[in-house]
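Next comes protein36.cif, with mmCIF, C-alpha atoms.
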```cif
data_entry
loop_
_atom_site.group_PDB
_atom_site.id
_atom_site.type_symbol
_atom_site.label_atom_id
_atom_site.label_comp_id
_atom_site.auth_asym_id
_atom_site.auth_seq_id
_atom_site.Cartn_x
_atom_site.Cartn_y
_atom_site.Cartn_z
ATOM 1 C CA GLN A 166 123.925 96.590 148.330
ATOM 2 C CA VAL A 167 125.700 94.665 145.620
ATOM 3 C CA GLN A 168 124.518 91.492 143.963
ATOM 4 C CA LEU A 169 126.884 89.146 142.145
ATOM 5 C CA VAL A 170 125.884 86.468 139.678
ATOM 6 C CA GLU A 171 128.407 83.932 138.391
ATOM 7 C CA SER A 172 128.152 81.652 135.407
ATOM 8 C CA GLY A 173 130.332 79.401 133.310
ATOM 9 C CA GLY A 174 131.214 76.538 135.596
ATOM 10 C CA GLY A 175 130.949 72.915 134.583
ATOM 11 C CA LEU A 176 132.720 69.636 134.000
ATOM 12 C CA VAL A 177 135.861 69.568 131.892
ATOM 13 C CA GLN A 178 138.692 67.139 131.289
ATOM 14 C CA ALA A 179 142.195 67.884 132.482
ATOM 15 C CA GLY A 180 143.945 70.185 130.043
ATOM 16 C CA GLY A 181 140.703 71.812 129.009
ATOM 17 C CA SER A 182 139.438 75.364 129.412
ATOM 18 C CA LEU A 183 136.528 77.177 130.987
ATOM 19 C CA ARG A 184 135.555 80.821 131.222
ATOM 20 C CA LEU A 185 133.780 82.094 134.306
ATOM 21 C CA SER A 186 131.743 85.285 134.222
ATOM 22 C CA CYS A 187 130.555 87.501 137.038
ATOM 23 C CA ALA A 188 128.104 90.359 136.758
ATOM 24 C CA ALA A 189 127.700 92.810 139.612
ATOM 25 C CA SER A 190 124.607 94.948 140.047
ATOM 26 C CA GLY A 191 123.344 97.466 142.561
ATOM 27 C CA ASP A 192 125.497 100.201 144.057
ATOM 28 C CA ILE A 193 128.670 99.358 142.173
ATOM 29 C CA PHE A 194 131.710 101.539 141.661
ATOM 30 C CA SER A 195 134.309 101.301 138.927
ATOM 31 C CA GLY A 196 137.100 101.671 141.487
ATOM 32 C CA ALA A 197 136.098 98.560 143.403
ATOM 33 C CA THR A 198 138.259 95.461 143.542
ATOM 34 C CA MET A 199 136.690 92.377 142.049
ATOM 35 C CA GLY A 200 138.040 88.893 142.013
ATOM 36 C CA TRP A 201 137.612 85.161 142.266
ATOM 37 C CA TYR A 202 138.045 82.816 145.179
ATOM 38 C CA ARG A 203 137.609 79.067 145.246
ATOM 39 C CA GLN A 204 136.853 76.444 147.820
ATOM 40 C CA ALA A 205 137.647 72.791 147.290
ATOM 41 C CA PRO A 206 135.950 70.061 149.346
ATOM 42 C CA GLY A 207 137.392 69.962 152.849
ATOM 43 C CA LYS A 208 139.576 73.013 152.275
ATOM 44 C CA GLN A 209 139.442 76.686 153.134
ATOM 45 C CA ARG A 210 138.381 79.272 150.618
ATOM 46 C CA GLU A 211 141.415 80.653 148.802
ATOM 47 C CA LEU A 212 142.128 83.642 146.623
ATOM 48 C CA VAL A 213 142.522 82.921 142.918
ATOM 49 C CA ALA A 214 142.685 86.329 141.248
ATOM 50 C CA THR A 215 141.822 89.973 141.772
ATOM 51 C CA ILE A 216 141.565 92.983 139.513
ATOM 52 C CA ASN A 217 141.332 96.694 140.168
ATOM 53 C CA LYS A 218 141.483 99.429 137.537
ATOM 54 C CA ASN A 219 144.076 101.372 139.548
ATOM 55 C CA ILE A 220 146.177 98.487 140.901
ATOM 56 C CA GLY A 221 145.907 96.011 138.071
ATOM 57 C CA ALA A 222 145.524 92.242 138.171
ATOM 58 C CA SER A 223 146.945 89.706 140.588
ATOM 59 C CA LEU A 224 146.943 85.916 140.379
ATOM 60 C CA ALA A 225 147.691 83.193 142.898
ATOM 61 C CA ASP A 226 150.947 81.366 142.214
ATOM 62 C CA SER A 227 149.069 78.129 141.652
ATOM 63 C CA VAL A 228 147.238 79.525 138.623
ATOM 64 C CA LYS A 229 149.802 81.878 137.101
ATOM 65 C CA GLY A 230 150.426 81.113 133.462
ATOM 66 C CA ARG A 231 147.114 79.238 133.201
ATOM 67 C CA PHE A 232 144.385 81.636 134.371
ATOM 68 C CA THR A 233 143.654 85.203 133.308
ATOM 69 C CA ILE A 234 141.353 87.692 135.006
ATOM 70 C CA SER A 235 139.873 90.552 133.027
ATOM 71 C CA ARG A 236 137.157 93.172 133.198
ATOM 72 C CA GLY A 237 134.323 93.334 130.732
ATOM 73 C CA ASN A 238 133.099 96.412 128.930
ATOM 74 C CA ALA A 239 130.009 96.543 131.095
ATOM 75 C CA LYS A 240 130.572 98.090 134.517
ATOM 76 C CA GLY A 241 130.871 95.459 137.205
ATOM 77 C CA THR A 242 131.687 92.581 134.876
ATOM 78 C CA VAL A 243 134.705 90.368 135.420
ATOM 79 C CA TYR A 244 135.887 87.177 133.760
ATOM 80 C CA LEU A 245 138.201 84.357 134.711
ATOM 81 C CA GLN A 246 139.674 82.490 131.741
ATOM 82 C CA MET A 247 140.975 79.144 132.927
ATOM 83 C CA ASN A 248 143.256 77.158 130.635
ATOM 84 C CA SER A 249 145.242 73.966 131.141
ATOM 85 C CA LEU A 250 142.918 72.953 133.931
ATOM 86 C CA LYS A 251 144.068 70.373 136.433
ATOM 87 C CA PRO A 252 142.083 68.085 138.729
ATOM 88 C CA GLU A 253 143.314 70.168 141.672
ATOM 89 C CA ASP A 254 141.440 73.156 140.227
ATOM 90 C CA THR A 255 138.195 71.400 141.108
ATOM 91 C CA ALA A 256 136.270 73.680 143.462
ATOM 92 C CA VAL A 257 133.363 76.016 143.828
ATOM 93 C CA TYR A 258 134.426 79.376 142.455
ATOM 94 C CA TYR A 259 133.052 82.537 144.044
ATOM 95 C CA CYS A 260 132.985 86.019 142.619
ATOM 96 C CA HIS A 261 134.008 88.696 145.098
ATOM 97 C CA TYR A 262 133.474 92.457 145.230
ATOM 98 C CA ARG A 263 135.139 94.797 147.711
ATOM 99 C CA TRP A 264 134.509 98.489 148.163
ATOM 100 C CA ALA A 265 134.995 100.807 151.146
ATOM 101 C CA GLY A 266 135.577 97.929 153.530
ATOM 102 C CA TYR A 267 132.514 95.968 152.460
ATOM 103 C CA ASP A 268 132.727 92.489 150.951
ATOM 104 C CA TYR A 269 130.115 90.871 148.748
ATOM 105 C CA TRP A 270 130.007 87.311 147.416
ATOM 106 C CA GLY A 271 128.264 85.490 144.648
ATOM 107 C CA GLN A 272 126.505 82.184 145.150
ATOM 108 C CA GLY A 273 129.345 80.237 143.554
ATOM 109 C CA THR A 274 129.738 78.172 140.425
ATOM 110 C CA ARG A 275 131.115 74.652 140.481
ATOM 111 C CA VAL A 276 134.107 73.647 138.395
ATOM 112 C CA THR A 277 134.989 69.979 138.141
ATOM 113 C CA VAL A 278 138.117 68.839 136.325
ATOM 114 C CA SER A 279 138.322 65.131 135.579
ATOM 115 C CA SER A 280 141.631 63.328 135.169
#
```

Structure rendered as structure tokens:
Amino acid sequence: QVQLVESGGGLVQAGGSLRLSCAASGDIFSGATMGWYRQAPGKQRELVATINKNIGASLADSVKGRFTISRGNAKGTVYLQMNSLKPEDTAVYYCHYRWAGYDYWGQGTRVTVSS
């Protein structure tokens, strides 16, 4: 089992920045893929960014040039640096962990960007 805990969400004005953190615990492996998804009101959950030590990082087109995903020094830690935030980035952001065909999700952290 893997547990994920997110933090760092909040309210920010358009153009501002936030940094989301996710800490995984339990049976975690350094080769796992971790990432961030988001779900806006009335919309489906969508992929924002993923990172894997062997494959590298990948970002959705909508956030390229504004968001950065990175791994922390502690095993199972991942960050999402969000700059130049837009109102359309408003959503609940979920940390995701995938290993050996199993998917795990955090409880989500809300990001609200005001115009």

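Proximity of A:Phe194, A:Phe232, A:Tyr244, A:Tyr258 to Trp270 of chain A, computed with all atoms listed in the file, is greatest for A:Tyr258.
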
I'd like to see the residues matched by the PyMOL selection byres ((chain A and resi 260) around 10) on this file, and ideally I'd get them as a CSV table (one decimal) with C-alpha atoms, in the coordinates of the input.
```csv
chain,number,residue,atom,x,y,z
A,169,LEU,CA,126.9,89.1,142.1
A,170,VAL,CA,125.9,86.5,139.7
A,171,GLU,CA,128.4,83.9,138.4
A,172,SER,CA,128.2,81.7,135.4
A,185,LEU,CA,133.8,82.1,134.3
A,186,SER,CA,131.7,85.3,134.2
A,187,CYS,CA,130.6,87.5,137.0
A,188,ALA,CA,128.1,90.4,136.8
A,189,ALA,CA,127.7,92.8,139.6
A,199,MET,CA,136.7,92.4,142.0
A,200,GLY,CA,138.0,88.9,142.0
A,201,TRP,CA,137.6,85.2,142.3
A,202,TYR,CA,138.0,82.8,145.2
A,203,ARG,CA,137.6,79.1,145.2
A,214,ALA,CA,142.7,86.3,141.2
A,215,THR,CA,141.8,90.0,141.8
A,243,VAL,CA,134.7,90.4,135.4
A,244,TYR,CA,135.9,87.2,133.8
A,245,LEU,CA,138.2,84.4,134.7
A,258,TYR,CA,134.4,79.4,142.5
A,259,TYR,CA,133.1,82.5,144.0
A,261,HIS,CA,134.0,88.7,145.1
A,262,TYR,CA,133.5,92.5,145.2
A,269,TYR,CA,130.1,90.9,148.7
A,270,TRP,CA,130.0,87.3,147.4
A,271,GLY,CA,128.3,85.5,144.6
A,272,GLN,CA,126.5,82.2,145.2
A,273,GLY,CA,129.3,80.2,143.6
A,274,THR,CA,129.7,78.2,140.4
```

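Of the listed residues (A:Val276, A:Val213, A:Ala239, A:Ala225), A:Val276 comes nearest to Gly173 of chain A; the distances count only C-alpha atoms.
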
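For the pair atom CA of Ser227 of chain A and atom CA of Gly241 of chain A, the interatomic distance is 25.5 Å.
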
Requested in this report: Could you tell me which residues the PyMOL selection byres ((chain A and resi 176) around 10) grabs in this file, written as an NGL selection string?
Outcome: :A and (174-175 or 177-179 or 181-183 or 255 or 275-279)

Assuming 5 Å of padding per side, give the centre and edge lengths of the axis-aligned box around every listed atom of segment 244-252 of chain A, in Å to one decimal and as JSON.
```
{"center_x": 140.6, "center_y": 77.6, "center_z": 134.7, "size_x": 19.4, "size_y": 29.1, "size_z": 18.1}
```
